[in-house]
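Asker: Have a look at this one.
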There are 2 protein chains.
Amino acid sequence: MKETLVFATNNAHKLEEVAAMLGGRIELLSLRDIHCDADIPETGTTLEENALIKARYINEHYGTDCFADDTGLEVEALGGEPGVYSARYAGGPGHDSEANMRKLLARLEGVENRRARFRTVIALIRHGQTYEFEGIVEGHITTEPHGNGGFGYDPVFVPDGYDRTFAELGDVKNHISHRARAVERLAGFLLNEKGKKEM
Amino acid sequence: MKETLVFATNNAHKLEEVAAMLGGRIELLSLRDIHCDADIPETGTTLEENALIKARYINEHYGTDCFADDTGLEVEALGGEPGVYSARYAGGPGHDSEANMRKLLARLEGVENRRARFRTVIALIRHGQTYEFEGIVEGHITTEPHGNGGFGYDPVFVPDGYDRTFAELGDVKNHISHRARAVERLAGFLLNEKGKKEM
């Protein structure tokens, strides 16, 4: 029987992408598939904590194995800010990308060190054990936004090795992203837990 | 004590890159580090077999846990050729990139379906068990070479989402490559085997 895992998301595109990376060997269910419409509070102070809070919530309420992700932008000159608060950096109910970006650029005005990284953490709960998988993309923050694609801080983040922002890179972003890297690590773990064999 | 693994390579750059992806939590040794200068015969008929042959050789002769990789270009219209024979496609002792590319372009002359993928397989032997990790980059074959960077078939391979060949992409290739993806999967497995904890 195929193993079933809940991916704590309602983003159909994310679900499909991860399912493809698992080669169809694991059945993935979304929050919608398990009829979960809870607004799980992200009260952690690290990405690891938030991902684990979401995974634990599903595990405890639905009794299923599952994984959840959280992502943040970590700026070196700001001691890792906005980090876990990336989506609500400018205050308020959050997810105002414009306001968040403006605040970030304002805090970095005149600052020479523009180093930053996007970091995704996936927390997995499986057979009663917890695991963590990390994906990182290093880069720097521009002085003004470029490009309309992407979301969040994408218009001000240029990954190392490129001369365009994530917002300008379009599909390319999906190939190189912090999330893709974390998912590769998750896949390497899940597929080999299933596939290991004696010599 | 830190775990030690042999990476069956003498490419210092590859070793460093993989060590970095493992976050320094595992000590990597190269073939040189274990004083192995054997020319391990790659007699397998698949990438999986060749990677495993190399890993087994080290494991049997040196008694160490280890991993090895093999990479091939698989062209759809050619039924997966050159695949495991990528490095010696044009015959002879092999590794004549120019001759290999010429043969590939000749075989694809007038062929409309240019779909191809680079595939890396890593075989790991650890505590007497074997594991496999795969990394794939989908793309297409150009009608003539572009760019001088990279090696092998890089000047004729354009990865999906890009409009330049691997040879023209420079450092970008390292971010998106089949090998990087396979290594992410290996890292996800190794780090969580070490890091798993009870809830």
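Numbering starts fresh at 1 for the residues of each chain in the structure tokens, the chains themselves are lettered A, B, ... in the order given, and ligands are numbered from 1 as they appear.
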Listing only residues of chain A within 7 Å of chain B, what is the closest atom pair and its distance in Å (to one decimal) for each, using only C-alpha atoms, sorted by chain and residue number ascending, as CSV?
Answerer:
residue,atom,partner,partner_atom,distance
A:Gly128,CA,B:Met199,CA,6.8
A:Gln129,CA,B:Glu198,CA,5.1
A:Thr130,CA,B:Met199,CA,6.0
A:Tyr131,CA,B:Lys196,CA,5.5
A:Phe133,CA,B:Gly188,CA,6.5
A:Gly161,CA,B:Val172,CA,5.7
A:Asp171,CA,B:Gly161,CA,5.9
A:Val172,CA,B:Gly161,CA,5.6
A:His175,CA,B:Ile176,CA,6.2
A:Ile176,CA,B:Ile176,CA,5.7
A:Arg181,CA,B:Glu184,CA,6.6
A:Glu184,CA,B:Arg185,CA,5.2
A:Arg185,CA,B:Gly188,CA,3.8
A:Leu186,CA,B:Gly188,CA,5.9
A:Ala187,CA,B:Arg185,CA,6.3
A:Gly188,CA,B:Arg185,CA,3.8
A:Phe189,CA,B:Phe189,CA,4.2
A:Asn192,CA,B:Tyr131,CA,6.4
A:Lys196,CA,B:Tyr131,CA,5.5
A:Lys197,CA,B:Thr130,CA,6.1
A:Glu198,CA,B:Gln129,CA,5.1
A:Met199,CA,B:Gln129,CA,5.7
Asker: Can I get the selected residues back with C-alpha atoms, as a compact mmCIF listing (two decimals), in the first residue's frame?
Answerer:
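Written file, out_29.txt:
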# COMPACT_ATOMS: atom_id res chain seq x y z
CA GLY A 128 5.82 9.43 15.93
CA GLN A 129 9.20 10.97 15.17
CA THR A 130 10.02 14.49 14.02
CA TYR A 131 12.50 15.50 11.35
CA PHE A 133 14.81 19.69 6.39
CA GLY A 161 25.18 33.91 -9.47
CA ASP A 171 10.19 30.05 -13.59
CA VAL A 172 13.90 29.99 -12.95
CA HIS A 175 14.41 25.59 -10.03
CA ILE A 176 16.81 27.22 -7.60
CA ARG A 181 16.12 22.57 -1.98
CA GLU A 184 14.80 17.69 -2.41
CA ARG A 185 16.12 16.91 1.06
CA LEU A 186 12.72 15.70 2.23
CA ALA A 187 12.44 13.53 -0.90
CA GLY A 188 15.89 12.04 -0.38
CA PHE A 189 14.85 11.06 3.12
CA ASN A 192 15.25 6.08 0.86
CA LYS A 196 16.57 0.91 1.34
CA LYS A 197 17.61 -2.66 0.81
CA GLU A 198 20.18 -5.14 2.07
CA MET A 199 23.23 -5.55 -0.15
Asker: Using only C-alpha atoms, determine which residues lie at most 12 Å from region 101-103 of chain B, disregarding the query and same-chain residues fewer than 5 positions distant; provide the list as a list in words.
Answerer: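 Residues meeting the cut-off are Leu73, Glu81, Pro82, Ser86, Ala87, Arg88, Tyr89, Ala90, Gly91, His95, Asp96, Leu108, Glu109, Ile141, Thr142, Thr143, Glu144, Pro145, His146, Phe151, Gly152, Tyr153, Asp154, Pro155, Val156 and Phe157 of chain B.
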Asker: Going by DSSP on the backbone, which bits of chain B are helix (DSSP H, G or I)? Write them as a PyMOL selection string, please.
Answerer: chain B and resi 12-21+47-62+76-78+86-88+97-107+154-156+166-169+171-176+178-195
Asker: Would you work out the distance separating CA of Leu31 (chain A) from CA of Arg126 (chain A), expressed in Å to one decimal?
Answerer: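 About the pair CA of Leu31 (chain A) and CA of Arg126 (chain A): they are 16.8 Å apart.
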Asker: For Ile40 (chain B), work out the shell of residues within 8 Å, counting only C-alpha atoms and skipping chain neighbours fewer than 2 positions away, then give it as JSON, numbers by chain.
Answerer: {"B": [38, 42, 54, 57]}
Asker: Based on the backbone DSSP call, show me all residues of region 100-175 of chain B assigned strand (DSSP E or B), as JSON, numbers by chain.
Answerer: {"B": [115, 116, 117, 118, 119, 120, 121, 122, 123, 124, 125, 126, 129, 130, 131, 132, 133, 134, 135, 136, 137, 138, 139, 140, 141, 157, 158, 159]}
Asker: In Å, with one decimal, what is the gap from CA of Tyr85 (chain B) to CA of Leu124 (chain B)?
Answerer: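 Taking CA of Tyr85 (chain B) as the start and CA of Leu124 (chain B) as the end point, the length is 21.5 Å.
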Asker: For Ala106 (chain A), which of A:Glu49, A:Leu78, A:Ser30, A:Glu168 is the closest residue, counting only C-alpha atoms?
Answerer: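 Using only C-alpha atoms, the shortest distance to Ala106 (chain A) belongs to A:Leu78.
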